[in-house]
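J.: Contents of protein_39.txt (compact mmCIF, C-alpha atoms) are given next:
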```
# COMPACT_ATOMS: atom_id res chain seq x y z
CA MET A 1 -25.72 15.63 3.87
CA GLU A 2 -26.31 15.89 0.12
CA ILE A 3 -24.25 19.07 -0.04
CA LEU A 4 -21.38 17.53 1.94
CA ASN A 5 -21.43 14.50 -0.34
CA GLY A 6 -21.36 16.71 -3.42
CA MET A 7 -18.50 18.78 -2.05
CA LEU A 8 -16.47 15.67 -1.26
CA LEU A 9 -17.07 14.21 -4.71
CA LEU A 10 -16.02 17.52 -6.28
CA PHE A 11 -12.92 17.54 -4.07
CA ILE A 12 -12.03 14.03 -5.22
CA LEU A 13 -12.39 15.06 -8.87
CA VAL A 14 -10.26 18.19 -8.34
CA CYS A 15 -7.62 16.10 -6.55
CA ALA A 16 -7.56 13.56 -9.35
CA ALA A 17 -7.03 16.31 -11.91
CA ALA A 18 -4.45 18.05 -9.73
CA VAL A 19 -2.37 14.89 -9.25
CA SER A 20 -1.81 14.60 -12.98
CA ARG A 21 -1.24 18.35 -13.40
CA THR A 22 1.31 18.88 -10.61
CA LYS A 23 4.91 19.23 -11.67
CA SER A 24 6.31 18.26 -8.28
CA LEU A 25 6.14 14.54 -7.51
CA LEU A 26 6.16 15.16 -3.76
CA SER A 27 3.08 17.39 -3.94
CA ALA A 28 1.40 14.84 -6.19
CA VAL A 29 1.78 12.15 -3.52
CA ILE A 30 0.42 14.48 -0.83
CA ILE A 31 -2.59 15.40 -2.98
CA PHE A 32 -3.12 11.68 -3.57
CA MET A 33 -3.15 11.21 0.21
CA ALA A 34 -5.79 13.93 0.60
CA GLN A 35 -7.88 12.27 -2.06
CA GLY A 36 -7.68 8.95 -0.23
CA LEU A 37 -8.88 10.63 2.95
CA ALA A 38 -11.83 12.22 1.13
CA VAL A 39 -12.73 8.85 -0.40
CA SER A 40 -12.75 7.29 3.06
CA VAL A 41 -15.20 9.96 4.30
CA VAL A 42 -17.38 9.21 1.27
CA TRP A 43 -17.36 5.52 2.27
CA ILE A 44 -18.68 6.52 5.71
CA LEU A 45 -21.44 8.57 4.09
CA LEU A 46 -22.30 5.51 1.98
CA ARG A 47 -22.60 3.57 5.27
CA SER A 48 -19.69 1.21 4.76
CA PRO A 49 -17.41 1.92 7.72
CA ASP A 50 -15.42 -1.29 7.08
CA LEU A 51 -14.23 0.07 3.76
CA ALA A 52 -13.65 3.51 5.26
CA ILE A 53 -11.18 2.14 7.82
CA THR A 54 -9.35 0.14 5.16
CA GLU A 55 -9.25 3.08 2.78
CA ALA A 56 -7.88 5.41 5.44
CA ALA A 57 -5.19 2.90 6.49
CA VAL A 58 -4.15 1.72 3.03
CA GLY A 59 -5.08 4.54 0.66
CA ALA A 60 -3.92 7.46 2.78
CA GLY A 61 -1.30 5.67 4.88
CA ILE A 62 0.64 2.73 3.51
CA THR A 63 0.46 3.63 -0.19
CA SER A 64 1.80 7.12 0.42
CA ILE A 65 4.59 5.84 2.64
CA LEU A 66 5.69 3.42 -0.09
CA MET A 67 5.52 6.20 -2.67
CA PHE A 68 7.59 8.50 -0.45
CA ILE A 69 10.30 5.83 -0.17
CA ALA A 70 10.18 5.29 -3.92
CA LEU A 71 10.64 9.05 -4.44
CA LYS A 72 13.59 8.98 -2.08
CA LYS A 73 15.10 6.05 -3.99
CA ILE A 74 14.99 7.90 -7.30
CA HIS A 75 16.34 11.09 -5.65
CA ALA A 76 13.18 13.06 -6.46
CA ILE A 77 12.77 14.76 -3.08
CA GLU A 78 16.38 15.89 -2.97
CA GLU A 79 16.27 17.35 -6.48
CA GLU A 80 13.09 19.25 -5.71
CA ARG A 81 14.69 20.82 -2.68
CA LYS A 82 17.67 21.88 -4.74
CA GLN A 83 15.37 23.36 -7.35
CA ASP A 84 13.53 25.35 -4.67
CA GLU A 85 16.76 26.68 -3.30
CA LYS A 86 17.89 27.77 -6.75
CA GLU A 87 14.66 29.64 -7.41
CA SER A 88 14.47 31.42 -4.11
CA MET B 89 22.58 26.78 -18.88
CA LYS B 90 20.43 25.51 -16.07
CA LYS B 91 20.41 21.82 -15.37
CA LYS B 92 16.87 20.55 -15.71
CA ALA B 93 15.63 18.76 -12.62
CA ASP B 94 14.22 15.54 -13.91
CA PRO B 95 13.31 13.20 -11.06
CA PHE B 96 13.07 10.24 -13.38
CA ARG B 97 16.58 10.79 -14.64
CA ALA B 98 18.17 8.57 -12.06
CA LEU B 99 15.61 5.83 -12.63
CA LYS B 100 15.87 6.11 -16.39
CA SER B 101 19.61 5.85 -16.48
CA TRP B 102 19.46 3.03 -13.98
CA ILE B 103 17.09 1.08 -16.24
CA GLU B 104 19.20 1.78 -19.31
CA ASN B 105 22.66 1.25 -17.93
CA GLY B 106 22.23 -1.02 -14.93
CA ASP B 107 23.70 -0.69 -11.49
CA ASP B 108 26.83 1.23 -12.47
CA ALA B 109 24.76 4.22 -13.52
CA LEU B 110 23.10 4.39 -10.11
CA ASP B 111 26.52 4.33 -8.54
CA LEU B 112 27.40 7.27 -10.71
CA GLU B 113 24.22 9.08 -9.70
CA ILE B 114 24.82 8.62 -6.03
CA GLN B 115 28.41 9.68 -6.44
CA GLU B 116 27.15 12.73 -8.25
CA GLU B 117 24.69 13.53 -5.49
CA MET B 118 27.47 13.47 -2.99
CA ASP B 119 29.71 15.53 -5.24
CA ASP B 120 26.94 18.06 -5.80
CA GLU B 121 27.11 19.26 -2.27
CA ALA B 122 30.83 19.83 -2.43
CA THR B 123 31.46 21.18 -5.91
CA PRO B 124 28.37 22.33 -7.79
CA ALA B 125 30.36 23.93 -10.61
CA LEU B 126 31.98 20.64 -11.60
CA THR B 127 28.68 18.78 -11.94
CA GLU B 128 27.13 21.64 -13.90
CA GLU B 129 29.79 21.02 -16.46
CA ALA B 130 29.24 17.27 -16.38
CA GLY B 131 25.52 17.82 -16.92
CA ARG B 132 26.21 20.06 -19.88
CA LYS B 133 28.49 17.48 -21.43
CA ARG B 134 25.92 14.77 -21.02
CA GLU B 135 23.19 16.86 -22.63
CA LYS B 136 25.41 17.42 -25.65
CA LYS B 137 25.92 13.70 -25.97
CA LYS B 138 22.19 13.00 -25.91
CA ARG B 139 21.23 15.59 -28.49
CA ASP B 140 21.66 13.34 -31.54
CA PRO B 141 19.02 10.62 -31.05
CA VAL B 142 16.54 13.14 -29.65
CA ARG B 143 14.48 13.55 -32.79
CA ALA B 144 13.93 9.85 -33.37
CA ARG B 145 13.02 9.44 -29.74
CA ARG B 146 10.51 12.29 -29.84
CA ARG B 147 8.79 10.75 -32.84
CA LEU B 148 8.58 7.44 -31.04
CA GLU B 149 7.13 9.11 -27.97
CA GLY B 150 4.52 10.92 -30.07
CA GLY B 151 3.38 7.66 -31.60
CA TYR B 152 3.30 6.12 -28.18
CA ALA B 153 1.09 8.91 -26.83
CA VAL B 154 -1.39 8.60 -29.70
CA ALA B 155 -1.55 4.82 -29.24
CA ALA B 156 -2.06 5.22 -25.49
CA VAL B 157 -4.96 7.64 -25.98
CA LEU B 158 -6.58 5.30 -28.52
CA VAL B 159 -6.26 2.25 -26.26
CA CYS B 160 -7.66 4.23 -23.32
CA LEU B 161 -10.65 5.43 -25.34
CA ALA B 162 -11.36 1.88 -26.53
CA LEU B 163 -11.20 0.57 -22.96
CA ILE B 164 -13.46 3.37 -21.67
CA GLY B 165 -15.93 2.62 -24.43
CA ALA B 166 -15.96 -1.11 -23.64
CA LEU B 167 -16.40 -0.49 -19.90
CA VAL B 168 -19.21 2.05 -20.37
CA TYR B 169 -20.95 -0.32 -22.78
CA ALA B 170 -20.66 -3.15 -20.22
CA ALA B 171 -21.90 -0.88 -17.41
CA LEU B 172 -24.96 0.07 -19.46
CA GLN B 173 -25.89 -3.61 -19.73
CA LEU B 174 -25.99 -4.07 -15.94
CA PRO B 175 -29.35 -4.17 -14.17
CA ALA B 176 -30.38 -0.95 -12.43
CA PHE B 177 -28.78 -0.40 -9.01
CA GLY B 178 -31.06 -1.15 -6.09
CA GLY B 179 -34.05 -2.04 -8.27
CA ALA B 180 -36.72 -4.11 -6.51
CA ASP B 181 -37.09 -6.56 -9.38
CA THR B 182 -33.39 -7.33 -9.87
CA LEU B 183 -32.71 -10.81 -8.59
CA VAL B 184 -29.34 -10.03 -6.98
CA ASP B 185 -30.64 -7.08 -4.99
CA SER B 186 -33.87 -8.63 -3.83
CA GLU B 187 -32.75 -12.08 -2.72
CA VAL B 188 -29.05 -12.24 -1.94
CA SER B 189 -28.77 -9.32 0.44
CA ALA B 190 -32.01 -10.27 2.18
CA PHE B 191 -30.59 -13.76 2.74
CA TYR B 192 -27.42 -12.39 4.25
CA VAL B 193 -29.27 -9.95 6.51
CA GLU B 194 -31.54 -12.71 7.79
CA ASN B 195 -29.10 -15.59 8.20
CA THR B 196 -25.61 -14.23 8.88
CA LEU B 197 -26.00 -13.77 12.64
CA LYS B 198 -27.72 -17.12 13.03
CA GLU B 199 -25.27 -19.14 10.93
CA THR B 200 -21.92 -17.51 11.65
CA GLY B 201 -22.42 -15.61 14.90
CA ALA B 202 -21.11 -12.40 13.39
CA VAL B 203 -22.87 -9.19 14.39
CA ASN B 204 -20.91 -7.40 11.67
CA ILE B 205 -22.45 -8.99 8.59
CA VAL B 206 -19.57 -7.90 6.36
CA THR B 207 -17.08 -9.99 8.36
CA GLY B 208 -19.53 -12.88 8.35
CA ILE B 209 -19.62 -12.74 4.57
CA ILE B 210 -15.93 -12.27 3.83
CA LEU B 211 -14.64 -14.83 6.33
CA ASP B 212 -17.43 -17.40 6.22
CA TYR B 213 -19.63 -17.38 3.13
CA ARG B 214 -16.81 -15.99 1.00
CA GLY B 215 -13.97 -17.38 3.11
CA PHE B 216 -12.31 -18.94 0.09
CA ASP B 217 -11.90 -15.51 -1.54
CA THR B 218 -10.21 -14.14 1.55
CA LEU B 219 -7.88 -17.14 1.61
CA GLY B 220 -6.84 -16.29 -1.94
CA GLU B 221 -6.49 -12.64 -1.00
CA SER B 222 -4.07 -13.37 1.84
CA HIS B 223 -2.02 -15.57 -0.46
CA VAL B 224 -1.96 -12.84 -3.12
CA LEU B 225 -0.49 -10.50 -0.50
CA PHE B 226 2.10 -13.11 0.42
CA ILE B 227 3.01 -13.66 -3.24
CA ALA B 228 3.33 -9.90 -3.72
CA VAL B 229 5.82 -9.77 -0.85
CA CYS B 230 7.72 -12.75 -2.28
CA THR B 231 8.05 -10.94 -5.61
CA VAL B 232 9.25 -7.76 -3.91
CA LEU B 233 11.74 -9.86 -1.93
CA LEU B 234 13.03 -11.41 -5.16
CA LEU B 235 13.45 -8.03 -6.82
CA LEU B 236 14.65 -5.76 -4.05
CA SER B 237 16.16 -7.92 -1.34
CA ILE B 238 19.88 -7.51 -0.68
CA ARG B 239 19.89 -10.44 1.75
CA GLY B 240 22.53 -12.95 0.71
CA ASP B 241 23.71 -10.70 -2.07
CA LYS B 242 27.26 -11.71 -3.08
CA ASN B 243 28.06 -8.18 -4.20
CA ALA B 244 29.37 -6.58 -1.00
CA ASP B 245 29.53 -3.15 -2.63
CA ARG B 246 25.82 -3.15 -3.27
CA ILE B 247 25.01 -3.98 0.33
CA ALA B 248 27.33 -1.28 1.61
CA ARG B 249 25.89 1.22 -0.83
CA GLU B 250 22.28 0.48 0.18
CA GLU B 251 23.20 0.77 3.85
CA ALA B 252 24.93 4.07 3.28
CA PHE B 253 22.22 5.49 1.07
CA ASP B 254 19.39 4.42 3.37
CA ARG B 255 20.11 7.04 6.02
CA HIS B 256 21.71 9.53 3.66
CA PHE B 257 18.95 12.15 3.60
CA GLU B 258 17.42 11.54 7.00
CA PRO B 259 17.94 13.07 10.38
CA ARG B 260 19.35 10.61 12.90
CA ASP B 261 17.59 10.28 16.26
CA ASP B 262 15.18 13.12 15.61
CA GLU B 263 13.78 14.38 18.96
CA VAL B 264 10.35 15.41 17.67
CA LEU B 265 9.82 12.24 15.68
CA GLN B 266 10.95 10.01 18.54
CA GLY B 267 8.82 11.86 21.11
CA ALA B 268 5.72 11.62 18.90
CA ALA B 269 6.43 7.96 18.09
CA ARG B 270 6.88 7.11 21.77
CA ILE B 271 3.33 8.29 22.49
CA LEU B 272 1.66 7.26 19.24
CA THR B 273 3.07 3.80 18.55
CA PRO B 274 1.42 2.00 21.51
CA LEU B 275 -1.89 3.72 20.78
CA VAL B 276 -1.75 2.81 17.09
CA LEU B 277 -0.82 -0.82 17.87
CA VAL B 278 -3.59 -1.19 20.49
CA PHE B 279 -6.10 0.37 18.11
CA GLY B 280 -5.08 -2.11 15.42
CA LEU B 281 -5.48 -5.02 17.82
CA TYR B 282 -8.87 -3.64 18.93
CA ILE B 283 -10.09 -3.49 15.34
CA ILE B 284 -8.93 -7.07 14.71
CA ALA B 285 -10.44 -8.43 17.93
CA ASN B 286 -13.77 -6.69 17.33
CA GLY B 287 -13.84 -7.58 13.65
CA HIS B 288 -16.94 -9.75 14.01
CA LEU B 289 -18.77 -7.22 16.22
CA SER B 290 -18.04 -3.76 14.83
CA PRO B 291 -16.67 -2.29 11.58
CA GLY B 292 -13.19 -3.42 10.71
CA GLY B 293 -11.53 -6.80 10.60
CA GLY B 294 -8.31 -8.54 9.82
CA PHE B 295 -7.29 -6.52 6.79
CA SER B 296 -7.88 -3.00 8.12
CA GLY B 297 -6.58 -3.86 11.59
CA GLY B 298 -3.50 -5.49 10.09
CA ALA B 299 -2.83 -2.43 7.93
CA ILE B 300 -2.99 -0.24 11.06
CA LEU B 301 -0.62 -2.60 12.92
CA GLY B 302 1.76 -2.45 9.98
CA ALA B 303 1.59 1.36 9.97
CA GLY B 304 2.41 1.37 13.70
CA LEU B 305 5.44 -0.86 13.09
CA ILE B 306 6.59 1.40 10.26
CA LEU B 307 6.25 4.46 12.50
CA TYR B 308 8.32 2.80 15.22
CA GLN B 309 10.99 1.73 12.75
CA ASN B 310 11.12 5.20 11.25
CA ALA B 311 11.70 6.86 14.59
CA PHE B 312 14.05 4.41 16.29
CA GLY B 313 15.88 2.74 13.43
CA TYR B 314 16.74 -0.82 12.53
CA ARG B 315 18.65 -1.75 15.64
CA LYS B 316 15.70 -1.31 17.99
CA THR B 317 13.17 -2.91 15.66
CA GLU B 318 15.45 -5.92 15.19
CA ARG B 319 14.86 -6.87 18.82
CA PHE B 320 11.33 -8.02 18.10
CA PHE B 321 10.89 -8.10 14.33
CA THR B 322 13.45 -9.74 12.05
CA TYR B 323 13.37 -11.65 8.81
CA ARG B 324 12.80 -14.84 10.81
CA THR B 325 9.78 -13.33 12.57
CA PHE B 326 8.32 -12.28 9.26
CA LYS B 327 8.89 -15.70 7.73
CA TRP B 328 7.45 -17.75 10.57
CA VAL B 329 4.49 -15.50 11.39
CA SER B 330 3.43 -15.38 7.73
CA LEU B 331 3.88 -19.12 7.29
CA ALA B 332 2.02 -20.04 10.47
CA SER B 333 -0.83 -17.63 9.73
CA LEU B 334 -1.38 -18.80 6.17
CA LEU B 335 -1.09 -22.44 7.22
CA PHE B 336 -3.61 -21.98 10.03
CA TYR B 337 -6.01 -20.18 7.72
CA SER B 338 -5.76 -22.88 5.06
CA LEU B 339 -6.17 -25.76 7.53
CA ALA B 340 -9.03 -24.16 9.45
CA LYS B 341 -10.87 -23.18 6.30
CA GLY B 342 -10.17 -26.59 4.74
CA TYR B 343 -11.65 -28.31 7.77
CA HIS B 344 -14.63 -25.99 7.66
CA PHE B 345 -15.25 -26.61 3.97
CA PHE B 346 -14.76 -30.36 4.27
CA THR B 347 -17.27 -30.76 7.11
CA GLY B 348 -19.68 -28.26 5.59
CA ALA B 349 -19.70 -29.86 2.15
CA ASN B 350 -20.28 -33.32 3.63
CA HIS B 351 -22.92 -32.13 6.11
CA LEU B 352 -20.86 -33.21 9.12
CA GLU B 353 -20.87 -31.69 12.58
CA ASN B 354 -17.78 -29.50 12.83
CA GLY B 355 -17.92 -28.87 16.56
CA ILE B 356 -17.50 -25.11 16.18
CA SER B 357 -20.34 -23.23 17.84
CA PRO B 358 -21.15 -19.60 17.02
CA GLY B 359 -21.37 -18.80 20.73
CA THR B 360 -23.29 -15.93 22.28
CA ALA B 361 -23.72 -13.13 19.77
CA GLY B 362 -22.04 -9.92 20.90
CA ASN B 363 -19.25 -11.48 23.00
CA ILE B 364 -15.64 -11.08 21.96
CA LEU B 365 -15.17 -14.87 22.16
CA SER B 366 -17.96 -15.76 19.77
CA GLY B 367 -18.46 -16.31 16.09
CA GLY B 368 -16.62 -19.65 15.99
CA LEU B 369 -13.68 -19.42 13.59
CA LEU B 370 -14.14 -15.74 12.80
CA LEU B 371 -11.97 -14.35 15.62
CA PRO B 372 -8.88 -16.56 14.98
CA LEU B 373 -9.25 -16.08 11.23
CA ASN B 374 -9.40 -12.30 11.65
CA PHE B 375 -6.32 -12.52 13.82
CA VAL B 376 -4.24 -14.52 11.34
CA VAL B 377 -5.31 -12.30 8.44
CA GLY B 378 -4.24 -9.32 10.54
CA CYS B 379 -0.84 -10.93 11.18
CA VAL B 380 -0.28 -11.61 7.48
CA VAL B 381 -1.29 -8.09 6.47
CA ALA B 382 0.85 -6.41 9.17
CA CYS B 383 3.91 -8.51 8.24
CA THR B 384 3.31 -7.80 4.55
CA MET B 385 3.06 -4.04 5.03
CA TYR B 386 6.18 -3.91 7.16
CA ALA B 387 8.12 -6.17 4.80
CA LEU B 388 7.13 -4.07 1.78
CA TYR B 389 8.32 -0.98 3.64
CA THR B 390 11.72 -2.41 4.56
CA MET B 391 12.21 -3.90 1.10
CA PHE B 392 11.50 -0.58 -0.59
CA ARG B 393 13.75 1.18 1.86
CA LYS B 394 16.92 -0.81 2.18
CA GLY B 395 16.21 -4.29 0.93
CA ASP B 396 16.72 -5.95 4.29
CA PHE B 397 15.02 -6.12 7.67
```
As structure tokens, please, write out the structure in this file.

T.:
Amino acid sequence: MEILNGMLLLFILVCAAAVSRTKSLLSAVIIFMAQGLAVSVVWILLRSPDLAITEAAVGAGITSILMFIALKKIHAIEEERKQDEKES
Amino acid sequence: MKKKADPFRALKSWIENGDDALDLEIQEEMDDEATPALTEEAGRKREKKKRDPVRARRRLEGGYAVAAVLVCLALIGALVYAALQLPAFGGADTLVDSEVSAFYVENTLKETGAVNIVTGIILDYRGFDTLGESHVLFIAVCTVLLLLSIRGDKNADRIAREEAFDRHFEPRDDEVLQGAARILTPLVLVFGLYIIANGHLSPGGGFSGGAILGAGLILYQNAFGYRKTERFFTYRTFKWVSLASLLFYSLAKGYHFFTGANHLENGISPGTAGNILSGGLLLPLNFVVGCVVACTMYALYTMFRKGDF
């Protein structure tokens, strides 16, 4: 259990660093989602299932949906796709 | 020369130049698909125009970065200093750890009828905090409505533009999405209701259950569009459900506080511990909090998306 906890904490740290390092906004939101999921597992390991449910629903679900819509509003997703097509 | 893909460009120019710039951006997006060569040239022209104030701007940004780092370091220092002053976590001789939690563990089931102590605390002992929390959510939605709503907007162009842009990048009536949503939405909604109804018995409660309900609504809306969602969830539904829920919470909690503070009998019995219909006010309070949260999540989603329900 200790090892799993350590791995999850490490994963959260790596995610947090990766979010700020990623160039693509879309990937940043997806990494943020993964981090939220890891945090919710950590909440279960800390024996607070109430918080785990809330974290999974809000941190990994609603927040990312709102961010996706915001990205769509500022045309970020579309521009990334164009960029990919240019490079390939 | 390659046009640099800057996702914030649209936002930036929108902030600087107002709505007209966004119009231009959207127009450009649509043009891009048809004639890429033309917009390449437009982009080049614009970059030439911006070259002059670049140096002053860069200096300003450098100063801003240094100031931001300094402020962050000061804040981190203050927080670490404050954290060092706290009593040790879980120590036997710290007053908070030894008495408060023991009191809750001993008395919550007896006094509130909640098997899930967390719900007993947040809706009974700390019920006033949760009341404020629901109102904060409501105020957040009101602010978003003020900023993003296109309801009653006199500018007909803006409404038409938002409507057109809303579905611009999305597949219409996607088979896979609709098939998945047809199976998942009822399950998600029932799971949300289950979490709300069992809030006083098992992990969960109004907030998490409401967030799941809201996610289910969003999924349904995403798959089937506005016309189908409008049949059961409109602006009126949002308004009245939120109002009724917050009003019920305030009145019920007010009654509870009034009788409790004056040592009166309130006539609400905790019931048999472990039943769904037990815990006195906890079940209805969980339910109204769930309603507020679900409405809030869905309203935030629609406001961010189009600005209307």

J.: Expressed in Å to a single decimal, how great is the separation between CA of Met391 in chain B and CA of Gly378 in chain B?

T.: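 Taking CA of Met391 in chain B and CA of Gly378 in chain B, their separation equals 19.7 Å.
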
J.: Using only C-alpha atoms, I'd like every residue of chain A that has an atom within 9 Å of chain B; please write them out as a VMD selection string.

T.: chain A and resid 25 48 to 58 61 to 62 65 to 66 69 to 80 82 to 83

J.: Would you compute the distance between CA of His288 in chain B and CA of Lys327 in chain B? Give it in Å to one decimal.

T.: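 Distance reported for this atom pair: 27.2 Å.
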
J.: Neighbours of range 219-222 of chain B within 8 Å (all atoms listed in the file; same-chain residues fewer than 3 positions away dropped), as an NGL selection string?

T.: :B and (215-216 or 225-226 or 334 or 337-338 or 377 or 380-381)

J.: Please compute the CA of Cys230 in chain B-CA of Tyr323 in chain B distance, one decimal, in Å.

T.: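 Between CA of Cys230 in chain B and CA of Tyr323 in chain B the gap is 12.5 Å.
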